[in-house]
Each structure stands twice: as C-alpha cells, then as structure tokens.
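Undergrad: Input data.cif, format and content: mmCIF, C-alpha atoms and all ligand atoms.
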```cif
data_entry
#
loop_
_atom_site.label_atom_id
_atom_site.label_comp_id
_atom_site.auth_asym_id
_atom_site.auth_seq_id
_atom_site.Cartn_x
_atom_site.Cartn_y
_atom_site.Cartn_z
CA MET K 3 -15.33 -20.07 -6.82
CA THR K 4 -12.03 -18.21 -7.21
CA ASN K 5 -8.97 -20.17 -8.21
CA ARG K 6 -6.67 -18.48 -5.72
CA LYS K 7 -3.40 -19.26 -7.45
CA GLU K 8 -4.65 -18.35 -10.91
CA ILE K 9 -5.98 -14.95 -9.86
CA HIS K 10 -2.88 -14.18 -7.80
CA ASP K 11 -0.71 -14.98 -10.85
CA ARG K 12 -2.93 -12.74 -12.98
CA VAL K 13 -2.47 -9.73 -10.71
CA LEU K 14 1.29 -10.25 -10.56
CA ASN K 15 1.65 -10.71 -14.32
CA ALA K 16 -0.84 -8.13 -15.60
CA THR K 17 0.59 -6.19 -18.53
CA SER K 18 -1.79 -3.21 -18.40
CA LYS K 19 -3.78 -1.24 -15.83
CA GLU K 20 -6.99 -2.47 -17.42
CA GLU K 21 -5.94 -6.11 -17.03
CA LEU K 22 -4.91 -5.46 -13.42
CA ALA K 23 -8.18 -3.69 -12.60
CA THR K 24 -10.22 -6.53 -14.16
CA ALA K 25 -8.31 -9.14 -12.14
CA TYR K 26 -8.81 -7.23 -8.86
CA GLY K 27 -12.47 -6.67 -9.75
CA GLU K 28 -12.93 -10.43 -10.00
CA TRP K 29 -10.87 -11.13 -6.88
CA ALA K 30 -12.40 -8.50 -4.57
CA GLU K 31 -15.08 -10.72 -3.06
CA HIS K 32 -12.68 -13.52 -2.05
CA TYR K 33 -9.52 -11.43 -1.59
CA ASP K 34 -9.48 -11.29 2.24
CA LYS K 35 -10.28 -14.94 2.72
CA ASP K 36 -7.78 -16.11 0.08
CA LEU K 37 -4.90 -13.93 1.23
CA ILE K 38 -5.35 -13.90 4.97
CA ASP K 39 -6.87 -17.31 5.77
CA GLU K 40 -5.32 -19.40 3.02
CA MET K 41 -2.05 -17.73 2.04
CA GLY K 42 -0.84 -16.10 5.24
CA TYR K 43 -0.58 -12.50 4.01
CA VAL K 44 1.10 -10.80 6.95
CA ALA K 45 2.39 -7.58 5.37
CA PRO K 46 -0.61 -5.34 6.28
CA VAL K 47 -0.28 -5.96 10.02
CA ILE K 48 3.53 -5.71 9.97
CA ALA K 49 3.46 -2.33 8.18
CA SER K 50 0.60 -1.03 10.30
CA GLN K 51 2.54 -1.88 13.48
CA LEU K 52 5.63 -0.13 12.16
CA LEU K 53 3.68 3.05 11.38
CA GLN K 54 2.00 3.01 14.80
CA GLY K 55 5.45 3.32 16.38
CA TYR K 56 5.88 6.72 14.70
CA VAL K 57 2.36 8.19 14.68
CA SER K 58 1.05 8.43 18.24
CA ASP K 59 -1.77 10.89 17.50
CA LEU K 60 -4.85 8.72 16.92
CA SER K 61 -6.57 11.59 15.10
CA ALA K 62 -3.72 12.00 12.58
CA ARG K 63 -4.98 12.14 8.98
CA ILE K 64 -3.63 9.00 7.30
CA LEU K 65 -3.98 7.93 3.65
CA ASP K 66 -3.92 4.23 2.82
CA ALA K 67 -2.59 4.34 -0.76
CA GLY K 68 -3.69 1.23 -2.68
CA CYS K 69 -6.05 0.36 0.17
CA GLY K 70 -7.70 -2.53 -1.68
CA THR K 71 -10.36 -4.12 0.52
CA GLY K 72 -9.11 -2.20 3.57
CA LEU K 73 -6.97 -4.69 5.49
CA VAL K 74 -4.57 -1.96 6.63
CA GLY K 75 -7.39 0.43 7.53
CA GLU K 76 -9.04 -2.31 9.52
CA ASP K 77 -5.91 -2.87 11.61
CA LEU K 78 -5.31 0.86 12.20
CA HIS K 79 -8.98 1.41 13.08
CA GLN K 80 -8.81 -1.45 15.58
CA LYS K 81 -5.85 0.29 17.23
CA GLY K 82 -7.91 3.49 17.59
CA TYR K 83 -6.90 5.56 14.53
CA SER K 84 -9.98 7.52 13.51
CA ASN K 85 -9.00 9.76 10.59
CA LEU K 86 -8.31 7.27 7.82
CA GLU K 87 -8.78 7.65 4.07
CA GLY K 88 -8.31 5.07 1.36
CA PHE K 89 -7.19 5.40 -2.26
CA ASP K 90 -7.37 2.72 -4.94
CA TYR K 91 -7.81 2.17 -8.65
CA SER K 92 -10.37 -0.65 -8.42
CA ALA K 93 -14.03 0.20 -7.78
CA GLN K 94 -14.75 -3.34 -6.57
CA MET K 95 -11.88 -3.32 -4.06
CA LEU K 96 -13.03 0.12 -2.83
CA ALA K 97 -16.57 -1.22 -2.40
CA ARG K 98 -15.20 -3.89 -0.04
CA ALA K 99 -13.20 -1.27 1.83
CA LYS K 100 -16.35 0.86 2.21
CA ASP K 101 -18.24 -2.08 3.74
CA LYS K 102 -15.68 -2.22 6.58
CA GLU K 103 -16.65 1.30 7.73
CA VAL K 104 -13.13 2.17 8.85
CA TYR K 105 -12.34 4.97 6.35
CA ASN K 106 -13.78 8.49 6.55
CA ARG K 107 -13.27 8.89 2.81
CA LEU K 108 -12.38 6.75 -0.18
CA HIS K 109 -10.79 8.09 -3.36
CA GLN K 110 -10.69 6.31 -6.70
CA GLY K 111 -7.65 7.12 -8.85
CA ASP K 112 -4.33 6.11 -10.30
CA LEU K 113 -1.27 6.36 -8.05
CA THR K 114 1.04 6.53 -11.06
CA GLY K 115 -0.38 9.88 -12.17
CA ARG K 116 -1.08 13.27 -10.65
CA LEU K 117 -3.22 12.82 -7.52
CA ASP K 118 -6.25 15.02 -7.06
CA LEU K 119 -5.24 15.70 -3.45
CA ALA K 120 -3.81 18.90 -1.95
CA ASP K 121 -0.16 19.47 -1.02
CA ASN K 122 0.90 18.78 2.59
CA SER K 123 -2.44 17.16 3.56
CA TYR K 124 -1.61 13.94 5.38
CA ALA K 125 0.30 13.27 8.60
CA ALA K 126 1.16 9.86 7.18
CA ILE K 127 0.79 7.68 4.12
CA ILE K 128 0.75 3.90 4.32
CA SER K 129 0.92 1.66 1.28
CA VAL K 130 1.00 -2.12 1.52
CA GLY K 131 1.15 -4.59 -1.36
CA THR K 132 0.97 -1.85 -3.96
CA PHE K 133 4.65 -1.27 -4.73
CA THR K 134 4.95 -4.61 -6.46
CA CYS K 135 5.37 -6.25 -9.86
CA GLY K 136 3.09 -4.76 -12.52
CA HIS K 137 1.38 -2.42 -10.04
CA VAL K 138 3.02 0.81 -8.92
CA GLY K 139 6.74 1.63 -9.15
CA PRO K 140 9.04 4.18 -7.53
CA GLU K 141 7.75 6.90 -9.88
CA ALA K 142 4.75 7.22 -7.53
CA PHE K 143 6.82 8.43 -4.55
CA GLY K 144 6.95 12.06 -5.76
CA GLU K 145 3.20 12.57 -5.57
CA LEU K 146 2.89 10.75 -2.24
CA ILE K 147 5.60 13.00 -0.80
CA ARG K 148 3.84 16.10 -2.19
CA ILE K 149 0.61 15.31 -0.32
CA THR K 150 2.40 14.42 2.96
CA LYS K 151 2.83 17.17 5.57
CA PRO K 152 6.40 18.33 6.20
CA GLY K 153 7.79 16.01 8.87
CA GLY K 154 5.07 13.42 8.10
CA TYR K 155 5.76 9.73 7.55
CA LEU K 156 5.54 7.45 4.52
CA CYS K 157 5.36 3.75 5.34
CA PHE K 158 5.31 1.21 2.53
CA THR K 159 6.16 -2.34 1.57
CA VAL K 160 8.08 -3.28 -1.56
CA ARG K 161 7.87 -6.92 -2.57
CA ASP K 162 11.25 -8.69 -2.90
CA GLN K 163 11.06 -9.33 -6.66
CA ALA K 164 10.00 -5.76 -7.49
CA TRP K 165 12.72 -4.28 -5.23
CA GLU K 166 15.42 -5.69 -7.52
CA GLU K 167 13.63 -5.37 -10.85
CA ASP K 168 12.67 -1.72 -10.37
CA ASN K 169 15.88 -0.53 -8.65
CA TYR K 170 14.10 0.85 -5.60
CA ARG K 171 17.30 1.49 -3.63
CA VAL K 172 18.66 3.80 -6.33
CA ALA K 173 15.35 5.64 -6.79
CA MET K 174 14.82 6.08 -3.04
CA ASP K 175 18.38 7.29 -2.43
CA LYS K 176 18.02 9.87 -5.21
CA ILE K 177 14.98 11.31 -3.45
CA GLU K 178 16.93 11.40 -0.19
CA ASP K 179 19.86 13.13 -1.91
CA ILE K 180 17.63 16.08 -2.85
CA GLY K 181 16.33 16.30 0.74
CA ALA K 182 12.71 15.43 -0.05
CA TRP K 183 12.67 12.62 2.52
CA LYS K 184 14.98 10.73 4.82
CA ARG K 185 15.11 7.05 5.66
CA VAL K 186 14.00 6.37 9.23
CA GLU K 187 13.69 2.59 9.36
CA GLU K 188 13.74 -0.31 6.94
CA LYS K 189 13.59 -4.06 7.45
CA THR K 190 13.07 -7.23 5.46
CA THR K 191 10.09 -9.24 6.66
CA ALA K 192 7.74 -12.01 5.56
CA TYR K 193 5.16 -10.94 2.99
CA ILE K 194 3.03 -14.00 2.09
CA GLN K 195 3.91 -16.94 4.31
CA GLN K 196 2.63 -19.73 2.05
CA ASP K 197 4.78 -18.79 -0.95
CA GLY K 198 7.81 -17.81 1.13
CA SER K 199 7.90 -14.27 -0.32
CA SER K 200 9.39 -11.38 1.59
CA CYS K 201 9.24 -7.61 1.34
CA ASN K 202 11.11 -4.59 2.55
CA VAL K 203 8.97 -2.51 4.85
CA CYS K 204 10.20 1.06 4.99
CA ILE K 205 9.48 4.25 6.89
CA TYR K 206 10.63 7.57 5.46
CA GLN K 207 10.05 11.04 6.86
CA LYS K 208 9.30 13.99 4.61
CA GLY K 209 11.73 16.88 4.87
CA VAL K 210 10.61 19.94 6.82
C1 LIG K 301 -2.12 -6.43 -3.39
S1 LIG K 301 -3.40 -5.23 -3.32
C2 LIG K 301 -3.06 -4.49 -1.72
C3 LIG K 301 -4.30 -3.96 -1.08
C4 LIG K 301 -4.14 -3.65 0.41
N1 LIG K 301 -3.23 -2.55 0.64
C5 LIG K 301 -3.69 -4.88 1.13
O1 LIG K 301 -2.55 -4.90 1.64
O2 LIG K 301 -4.46 -5.84 1.19
C6 LIG K 301 -2.86 -3.94 -4.41
C7 LIG K 301 -3.90 -2.84 -4.60
O3 LIG K 301 -3.29 -1.80 -5.38
C8 LIG K 301 -4.26 -1.28 -6.26
N2 LIG K 301 -3.55 -0.66 -7.38
C9 LIG K 301 -2.75 -1.25 -8.28
N3 LIG K 301 -2.27 -0.35 -9.16
C10 LIG K 301 -2.79 0.85 -8.78
C11 LIG K 301 -2.66 2.18 -9.26
N4 LIG K 301 -1.91 2.46 -10.33
N5 LIG K 301 -3.32 3.16 -8.63
C12 LIG K 301 -4.09 2.89 -7.52
N6 LIG K 301 -4.24 1.66 -7.01
C13 LIG K 301 -3.60 0.64 -7.62
C14 LIG K 301 -5.08 -2.49 -6.67
O4 LIG K 301 -6.35 -2.13 -7.17
C15 LIG K 301 -5.15 -3.29 -5.36
O5 LIG K 301 -6.29 -2.97 -4.61
#
```
So that I can check it, write out the structure of this file as structure tokens.
TA:
Amino acid sequence: MTNRKEIHDRVLNATSKEELATAYGEWAEHYDKDLIDEMGYVAPVIASQLLQGYVSDLSARILDAGCGTGLVGEDLHQKGYSNLEGFDYSAQMLARAKDKEVYNRLHQGDLTGRLDLADNSYAAIISVGTFTCGHVGPEAFGELIRITKPGGYLCFTVRDQAWEEDNYRVAMDKIEDIGAWKRVEEKTTAYIQQDGSSCNVCIYQKGV
C-alpha cells in the first residue's frame, strides 16, 4: 500500500532524475486514486478547460508533455479531442497512460533535453504538474516552442513554490521579448485542494 504523503514528498524533493523516475515508478499504480480521490488534484481539469477555449478543432494534434498516467489526455479525450500524444520520462507512468487508450502515440524522453520531435509539429502543447519543484524548469520552454506550430498554443501549470524559486516570470518575459511567444492568458488557481497549494495556469501563443 502506498504511503501517499511519503511518496508525494519524495517526488517533490527528488535530487536527481533517477530518484524522481524511481519514485514515479513506485507511485504509478496508485497515482490517480491518491491524487484525484484523496488529495483533490484539480489542475489537470482546470488546464484542460483553459486550452479547450483556444483550440476548437477537435482533430488538432496536441502533445501532453509530462503526461504521467494520462489525466489530462483523459479529460481532453472525453471532450472529443482525438489527436492526442503523450510524452513522459517514466515508463511506468506511460504504461498507465497507455491503458487509458486516449493517446494515439506515447513518447518516452526527457523534457529538459533535445526532444526527438520535428519542428512546428503540434497545434498545441499542454503540460500539467510537470513545471514544478525538482521536475522540469523554464529551460524546457525552448524545445516545446520549437515543436509547436507557428500560432499554436502552449498551456501549462507552474506550481506556486516553483514559480518563485525558478524565476518563471523573468524567464517567460525574456522569451516574449525575443518574439518567440506571447502571453495570452494567465491565472492563479487551486492545484491540490487538500494541501492548499496553488499554481499559475498559463496560455502562450507561439509567434507566427
Ligand atoms: C506530477 S506528474 C503530472 C502528470 C500529469 N500531467 C498529471 O497532471 O497528472 C509529473 C510527471 O512529469 C514527469 N517528468 C518529470 N520530469 C520529467 C522530465 N525531465 N522529462 C519528462 N517527464 C518528466 C514525471 O514522470 C511525471 O509523470
């Protein structure tokens, strides 16, 4: 039986990718139940709803970056989106995502490095719960922008603590200053209800 709090602390405090991957590997089986039923993890549905307001084409090719077990894909699929792909570091989390049968393709890789995906491929990227402490930082935006189509959308959450620690505002404004993307909408919302955490959920549009 998973000790929910212990494993959640381990993923937030991991000091290496290997440690993080091991923790997610152990959590994968109970992840949905722990986070959704017990902890009130609302960020996937909030971000998915925000993206839906900008992407009306249900056949748009969308990449769920850091898809985990597929909570975001599940919500988008339920709303009729049919061209979804997932990307994650953890084989065990990807196996759970595969079981949901909502993604056309799943990719295993590291979002902090060069992505083995072509330029200008996706109408939208969505990333929930992945820009957070000890996971992925603002250095990953460059590659995600590269693989987004000109005029496409990037929707992501940044957990409150990471937002300050990793200077997201400065990093995101620098990207806007060079015209690579522009801010479309941003709001602070609940993240995990039980621990009172919040996140910023943001939508940016790639320059054309
Ligand atoms: C909190 S989970 C979020 C999963 C899903 N988006 C959700 O909202 O339930 C974070 C996910 O990011 C993945 N992850 C962490 N660091 C990563 C990296 N460098 N590259 C790819 N995936 C990573 C983890 O394996 C995990 O599945």
Undergrad: Residues near K:Tyr91, anyone? I mean within 7 Å using all atoms listed in the file, not counting same-chain ones fewer than 5 positions away, as a ChimeraX atom specification.
TA: /K:110-112
Undergrad: Counting all atoms listed in the file, what are the residues of chain K within 9 Å of ligand LIG 301 (chain K), and for each of them which pair of atoms is the nearest and at what distance in Å, to one decimal? Sort the table by chain and rising number, as a tab-separated table.
TA:
```
residue	atom	partner	partner_atom	distance
K:His10	CA	K:LIG301	C1	8.9
K:Val13	CA	K:LIG301	C1	8.0
K:Leu14	CA	K:LIG301	C1	8.8
K:Lys19	CA	K:LIG301	N4	6.9
K:Leu22	CA	K:LIG301	C9	7.0
K:Ala23	CA	K:LIG301	O4	5.9
K:Ala25	CA	K:LIG301	O4	8.8
K:Tyr26	CA	K:LIG301	O4	5.9
K:Gly27	CA	K:LIG301	O4	8.0
K:Ala30	CA	K:LIG301	O5	8.2
K:Tyr33	CA	K:LIG301	O2	8.0
K:Asp34	CA	K:LIG301	O2	7.5
K:Leu37	CA	K:LIG301	O2	8.1
K:Ile38	CA	K:LIG301	O2	8.9
K:Tyr43	CA	K:LIG301	O1	8.2
K:Val44	CA	K:LIG301	O1	8.7
K:Ala45	CA	K:LIG301	O1	6.7
K:Pro46	CA	K:LIG301	O1	5.0
K:Val47	CA	K:LIG301	O1	8.7
K:Asp66	CA	K:LIG301	N1	7.2
K:Ala67	CA	K:LIG301	N6	7.0
K:Gly68	CA	K:LIG301	O3	4.1
K:Cys69	CA	K:LIG301	N1	4.1
K:Gly70	CA	K:LIG301	O5	3.3
K:Thr71	CA	K:LIG301	O2	6.2
K:Gly72	CA	K:LIG301	C4	6.1
K:Leu73	CA	K:LIG301	O2	5.1
K:Val74	CA	K:LIG301	O1	6.1
K:Gly75	CA	K:LIG301	N1	8.6
K:Phe89	CA	K:LIG301	C12	6.6
K:Asp90	CA	K:LIG301	N6	3.9
K:Tyr91	CA	K:LIG301	C12	4.0
K:Ser92	CA	K:LIG301	O4	4.5
K:Ala93	CA	K:LIG301	O4	8.0
K:Gln94	CA	K:LIG301	O4	8.5
K:Met95	CA	K:LIG301	O5	5.6
K:Leu96	CA	K:LIG301	O5	7.6
K:Gln110	CA	K:LIG301	C12	7.5
K:Gly111	CA	K:LIG301	C12	5.7
K:Asp112	CA	K:LIG301	N5	3.5
K:Leu113	CA	K:LIG301	N5	3.8
K:Thr114	CA	K:LIG301	N4	5.1
K:Gly115	CA	K:LIG301	N4	7.8
K:Ile128	CA	K:LIG301	N1	8.4
K:Ser129	CA	K:LIG301	N1	5.9
K:Val130	CA	K:LIG301	N1	4.3
K:Gly131	CA	K:LIG301	C2	4.2
K:Thr132	CA	K:LIG301	C6	4.4
K:Phe133	CA	K:LIG301	C6	8.0
K:Thr134	CA	K:LIG301	C1	7.9
K:Gly136	CA	K:LIG301	N3	7.7
K:His137	CA	K:LIG301	N3	4.3
K:Val138	CA	K:LIG301	N4	5.4
K:Gly139	CA	K:LIG301	N4	8.8
K:Ala142	CA	K:LIG301	N4	8.7
```
Undergrad: Between K:Asp168, K:Pro152, K:Glu178, K:Glu76, single out the one closest to K:Asp101, counting all atoms listed in the file.
TA: K:Glu76
Undergrad: Considering only C-alpha atoms, state which residue in the set K:Gln51, K:Ile147, K:Ile177, K:Tyr56 is at the smallest distance from K:Asp77.
TA: K:Gln51
Undergrad: Mind pulling up the distance from atom CA of K:Ile205 to atom CA of K:Arg107?
TA: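 We find that atom CA of K:Arg107 and atom CA of K:Ile205 lie 23.6 Å from each other.
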Undergrad: Give me the residues within 6 Å of K:Ile149 as a PyMOL selection string, counting all atoms listed in the file and dropping any in the same chain fewer than 2 places off.
TA: chain K and resi 120-123+146-147
Undergrad: For K:Ala192, work out the shell of residues within 12 Å, counting only C-alpha atoms and skipping chain neighbours fewer than 6 positions away, then give it as an MDAnalysis selection string.
TA: chainID K and resid 41:49 159:162 198:203
Undergrad: Work out how far apart atom CA of K:Val186 and atom CA of K:Tyr206 are and give it in Å to one decimal.
TA: 5.2 Å
Undergrad: Using the structure block above, produce a file of stretch 160-173 of chain K that contains all heavy atoms, as a PDB file, in the first residue's frame.
TA:
```
ATOM      1  N   VAL K 160       2.339  26.034 -13.494  1.00  0.00           N
ATOM      2  CA  VAL K 160       3.584  26.137 -12.721  1.00  0.00           C
ATOM      3  C   VAL K 160       3.168  26.216 -11.252  1.00  0.00           C
ATOM      4  O   VAL K 160       2.419  27.111 -10.860  1.00  0.00           O
ATOM      5  CB  VAL K 160       4.401  27.393 -13.089  1.00  0.00           C
ATOM      6  CG1 VAL K 160       5.703  27.420 -12.281  1.00  0.00           C
ATOM      7  CG2 VAL K 160       4.702  27.451 -14.581  1.00  0.00           C
ATOM      8  N   ARG K 161       3.629  25.273 -10.475  1.00  0.00           N
ATOM      9  CA  ARG K 161       3.255  25.230  -9.060  1.00  0.00           C
ATOM     10  C   ARG K 161       3.788  26.456  -8.323  1.00  0.00           C
ATOM     11  O   ARG K 161       4.895  26.933  -8.615  1.00  0.00           O
ATOM     12  CB  ARG K 161       3.821  23.945  -8.439  1.00  0.00           C
ATOM     13  CG  ARG K 161       3.178  23.577  -7.144  1.00  0.00           C
ATOM     14  CD  ARG K 161       3.927  22.430  -6.498  1.00  0.00           C
ATOM     15  NE  ARG K 161       3.594  22.392  -5.098  1.00  0.00           N
ATOM     16  CZ  ARG K 161       2.869  21.427  -4.520  1.00  0.00           C
ATOM     17  NH1 ARG K 161       2.457  20.418  -5.223  1.00  0.00           N
ATOM     18  NH2 ARG K 161       2.592  21.476  -3.244  1.00  0.00           N
ATOM     19  N   ASP K 162       3.029  26.960  -7.367  1.00  0.00           N
ATOM     20  CA  ASP K 162       3.362  28.213  -6.659  1.00  0.00           C
ATOM     21  C   ASP K 162       4.825  28.298  -6.191  1.00  0.00           C
ATOM     22  O   ASP K 162       5.537  29.258  -6.496  1.00  0.00           O
ATOM     23  CB  ASP K 162       2.402  28.446  -5.476  1.00  0.00           C
ATOM     24  CG  ASP K 162       2.137  27.206  -4.613  1.00  0.00           C
ATOM     25  OD1 ASP K 162       2.835  26.194  -4.785  1.00  0.00           O
ATOM     26  OD2 ASP K 162       1.225  27.274  -3.761  1.00  0.00           O
ATOM     27  N   GLN K 163       5.278  27.250  -5.488  1.00  0.00           N
ATOM     28  CA  GLN K 163       6.631  27.276  -4.917  1.00  0.00           C
ATOM     29  C   GLN K 163       7.709  27.374  -6.010  1.00  0.00           C
ATOM     30  O   GLN K 163       8.661  28.145  -5.905  1.00  0.00           O
ATOM     31  CB  GLN K 163       6.816  25.993  -4.117  1.00  0.00           C
ATOM     32  CG  GLN K 163       7.942  26.027  -3.130  1.00  0.00           C
ATOM     33  CD  GLN K 163       8.113  24.624  -2.505  1.00  0.00           C
ATOM     34  OE1 GLN K 163       7.193  23.824  -2.513  1.00  0.00           O
ATOM     35  NE2 GLN K 163       9.297  24.368  -2.001  1.00  0.00           N
ATOM     36  N   ALA K 164       7.518  26.612  -7.094  1.00  0.00           N
ATOM     37  CA  ALA K 164       8.497  26.608  -8.181  1.00  0.00           C
ATOM     38  C   ALA K 164       8.503  27.954  -8.911  1.00  0.00           C
ATOM     39  O   ALA K 164       9.553  28.428  -9.366  1.00  0.00           O
ATOM     40  CB  ALA K 164       8.182  25.489  -9.163  1.00  0.00           C
ATOM     41  N   TRP K 165       7.344  28.581  -9.028  1.00  0.00           N
ATOM     42  CA  TRP K 165       7.211  29.869  -9.737  1.00  0.00           C
ATOM     43  C   TRP K 165       8.208  30.879  -9.178  1.00  0.00           C
ATOM     44  O   TRP K 165       8.907  31.565  -9.926  1.00  0.00           O
ATOM     45  CB  TRP K 165       5.772  30.367  -9.595  1.00  0.00           C
ATOM     46  CG  TRP K 165       5.487  31.669 -10.250  1.00  0.00           C
ATOM     47  CD1 TRP K 165       5.584  32.910  -9.694  1.00  0.00           C
ATOM     48  CD2 TRP K 165       5.065  31.872 -11.614  1.00  0.00           C
ATOM     49  NE1 TRP K 165       5.244  33.868 -10.605  1.00  0.00           N
ATOM     50  CE2 TRP K 165       4.921  33.268 -11.787  1.00  0.00           C
ATOM     51  CE3 TRP K 165       4.797  31.007 -12.679  1.00  0.00           C
ATOM     52  CZ2 TRP K 165       4.510  33.822 -13.006  1.00  0.00           C
ATOM     53  CZ3 TRP K 165       4.390  31.560 -13.880  1.00  0.00           C
ATOM     54  CH2 TRP K 165       4.251  32.942 -14.039  1.00  0.00           C
ATOM     55  N   GLU K 166       8.269  30.940  -7.842  1.00  0.00           N
ATOM     56  CA  GLU K 166       9.184  31.892  -7.180  1.00  0.00           C
ATOM     57  C   GLU K 166      10.622  31.401  -7.264  1.00  0.00           C
ATOM     58  O   GLU K 166      11.519  32.129  -7.670  1.00  0.00           O
ATOM     59  CB  GLU K 166       8.804  32.053  -5.694  1.00  0.00           C
ATOM     60  CG  GLU K 166       7.421  32.633  -5.460  1.00  0.00           C
ATOM     61  CD  GLU K 166       7.236  34.007  -6.078  1.00  0.00           C
ATOM     62  OE1 GLU K 166       8.223  34.743  -6.241  1.00  0.00           O
ATOM     63  OE2 GLU K 166       6.083  34.340  -6.425  1.00  0.00           O
ATOM     64  N   GLU K 167      10.823  30.139  -6.880  1.00  0.00           N
ATOM     65  CA  GLU K 167      12.189  29.610  -6.781  1.00  0.00           C
ATOM     66  C   GLU K 167      12.918  29.659  -8.119  1.00  0.00           C
ATOM     67  O   GLU K 167      14.119  29.906  -8.177  1.00  0.00           O
ATOM     68  CB  GLU K 167      12.157  28.147  -6.311  1.00  0.00           C
ATOM     69  CG  GLU K 167      11.939  28.021  -4.813  1.00  0.00           C
ATOM     70  CD  GLU K 167      11.811  26.576  -4.364  1.00  0.00           C
ATOM     71  OE1 GLU K 167      12.102  25.637  -5.149  1.00  0.00           O
ATOM     72  OE2 GLU K 167      11.391  26.392  -3.216  1.00  0.00           O
ATOM     73  N   ASP K 168      12.219  29.396  -9.202  1.00  0.00           N
ATOM     74  CA  ASP K 168      12.871  29.284 -10.511  1.00  0.00           C
ATOM     75  C   ASP K 168      12.663  30.515 -11.402  1.00  0.00           C
ATOM     76  O   ASP K 168      12.952  30.467 -12.600  1.00  0.00           O
ATOM     77  CB  ASP K 168      12.393  28.015 -11.240  1.00  0.00           C
ATOM     78  CG  ASP K 168      12.884  26.764 -10.548  1.00  0.00           C
ATOM     79  OD1 ASP K 168      13.889  26.836  -9.819  1.00  0.00           O
ATOM     80  OD2 ASP K 168      12.249  25.702 -10.703  1.00  0.00           O
ATOM     81  N   ASN K 169      12.176  31.602 -10.808  1.00  0.00           N
ATOM     82  CA  ASN K 169      12.055  32.878 -11.538  1.00  0.00           C
ATOM     83  C   ASN K 169      11.345  32.754 -12.885  1.00  0.00           C
ATOM     84  O   ASN K 169      11.853  33.205 -13.914  1.00  0.00           O
ATOM     85  CB  ASN K 169      13.450  33.475 -11.788  1.00  0.00           C
ATOM     86  CG  ASN K 169      14.038  34.003 -10.509  1.00  0.00           C
ATOM     87  OD1 ASN K 169      13.361  34.693  -9.755  1.00  0.00           O
ATOM     88  ND2 ASN K 169      15.294  33.665 -10.259  1.00  0.00           N
ATOM     89  N   TYR K 170      10.194  32.098 -12.865  1.00  0.00           N
ATOM     90  CA  TYR K 170       9.472  31.877 -14.120  1.00  0.00           C
ATOM     91  C   TYR K 170       9.134  33.172 -14.845  1.00  0.00           C
ATOM     92  O   TYR K 170       9.260  33.284 -16.057  1.00  0.00           O
ATOM     93  CB  TYR K 170       8.193  31.066 -13.865  1.00  0.00           C
ATOM     94  CG  TYR K 170       8.458  29.587 -13.917  1.00  0.00           C
ATOM     95  CD1 TYR K 170       8.891  28.902 -12.789  1.00  0.00           C
ATOM     96  CD2 TYR K 170       8.304  28.879 -15.099  1.00  0.00           C
ATOM     97  CE1 TYR K 170       9.150  27.541 -12.839  1.00  0.00           C
ATOM     98  CE2 TYR K 170       8.567  27.525 -15.160  1.00  0.00           C
ATOM     99  CZ  TYR K 170       8.981  26.859 -14.026  1.00  0.00           C
ATOM    100  OH  TYR K 170       9.241  25.520 -14.098  1.00  0.00           O
ATOM    101  N   ARG K 171       8.670  34.193 -14.055  1.00  0.00           N
ATOM    102  CA  ARG K 171       8.231  35.430 -14.719  1.00  0.00           C
ATOM    103  C   ARG K 171       9.354  36.002 -15.595  1.00  0.00           C
ATOM    104  O   ARG K 171       9.144  36.367 -16.745  1.00  0.00           O
ATOM    105  CB  ARG K 171       7.798  36.432 -13.627  1.00  0.00           C
ATOM    106  CG  ARG K 171       7.443  37.808 -14.071  1.00  0.00           C
ATOM    107  CD  ARG K 171       5.985  37.972 -14.544  1.00  0.00           C
ATOM    108  NE  ARG K 171       5.659  37.252 -15.762  1.00  0.00           N
ATOM    109  CZ  ARG K 171       4.525  36.579 -15.957  1.00  0.00           C
ATOM    110  NH1 ARG K 171       3.603  36.529 -15.049  1.00  0.00           N
ATOM    111  NH2 ARG K 171       4.300  35.971 -17.097  1.00  0.00           N
ATOM    112  N   VAL K 172      10.556  36.044 -15.017  1.00  0.00           N
ATOM    113  CA  VAL K 172      11.695  36.617 -15.750  1.00  0.00           C
ATOM    114  C   VAL K 172      11.984  35.772 -16.991  1.00  0.00           C
ATOM    115  O   VAL K 172      12.141  36.304 -18.107  1.00  0.00           O
ATOM    116  CB  VAL K 172      12.947  36.666 -14.827  1.00  0.00           C
ATOM    117  CG1 VAL K 172      14.181  37.096 -15.590  1.00  0.00           C
ATOM    118  CG2 VAL K 172      12.683  37.581 -13.634  1.00  0.00           C
ATOM    119  N   ALA K 173      12.037  34.455 -16.824  1.00  0.00           N
ATOM    120  CA  ALA K 173      12.360  33.569 -17.955  1.00  0.00           C
ATOM    121  C   ALA K 173      11.293  33.681 -19.049  1.00  0.00           C
ATOM    122  O   ALA K 173      11.612  33.756 -20.248  1.00  0.00           O
ATOM    123  CB  ALA K 173      12.447  32.125 -17.462  1.00  0.00           C
TER     124      ALA K 173
END
```
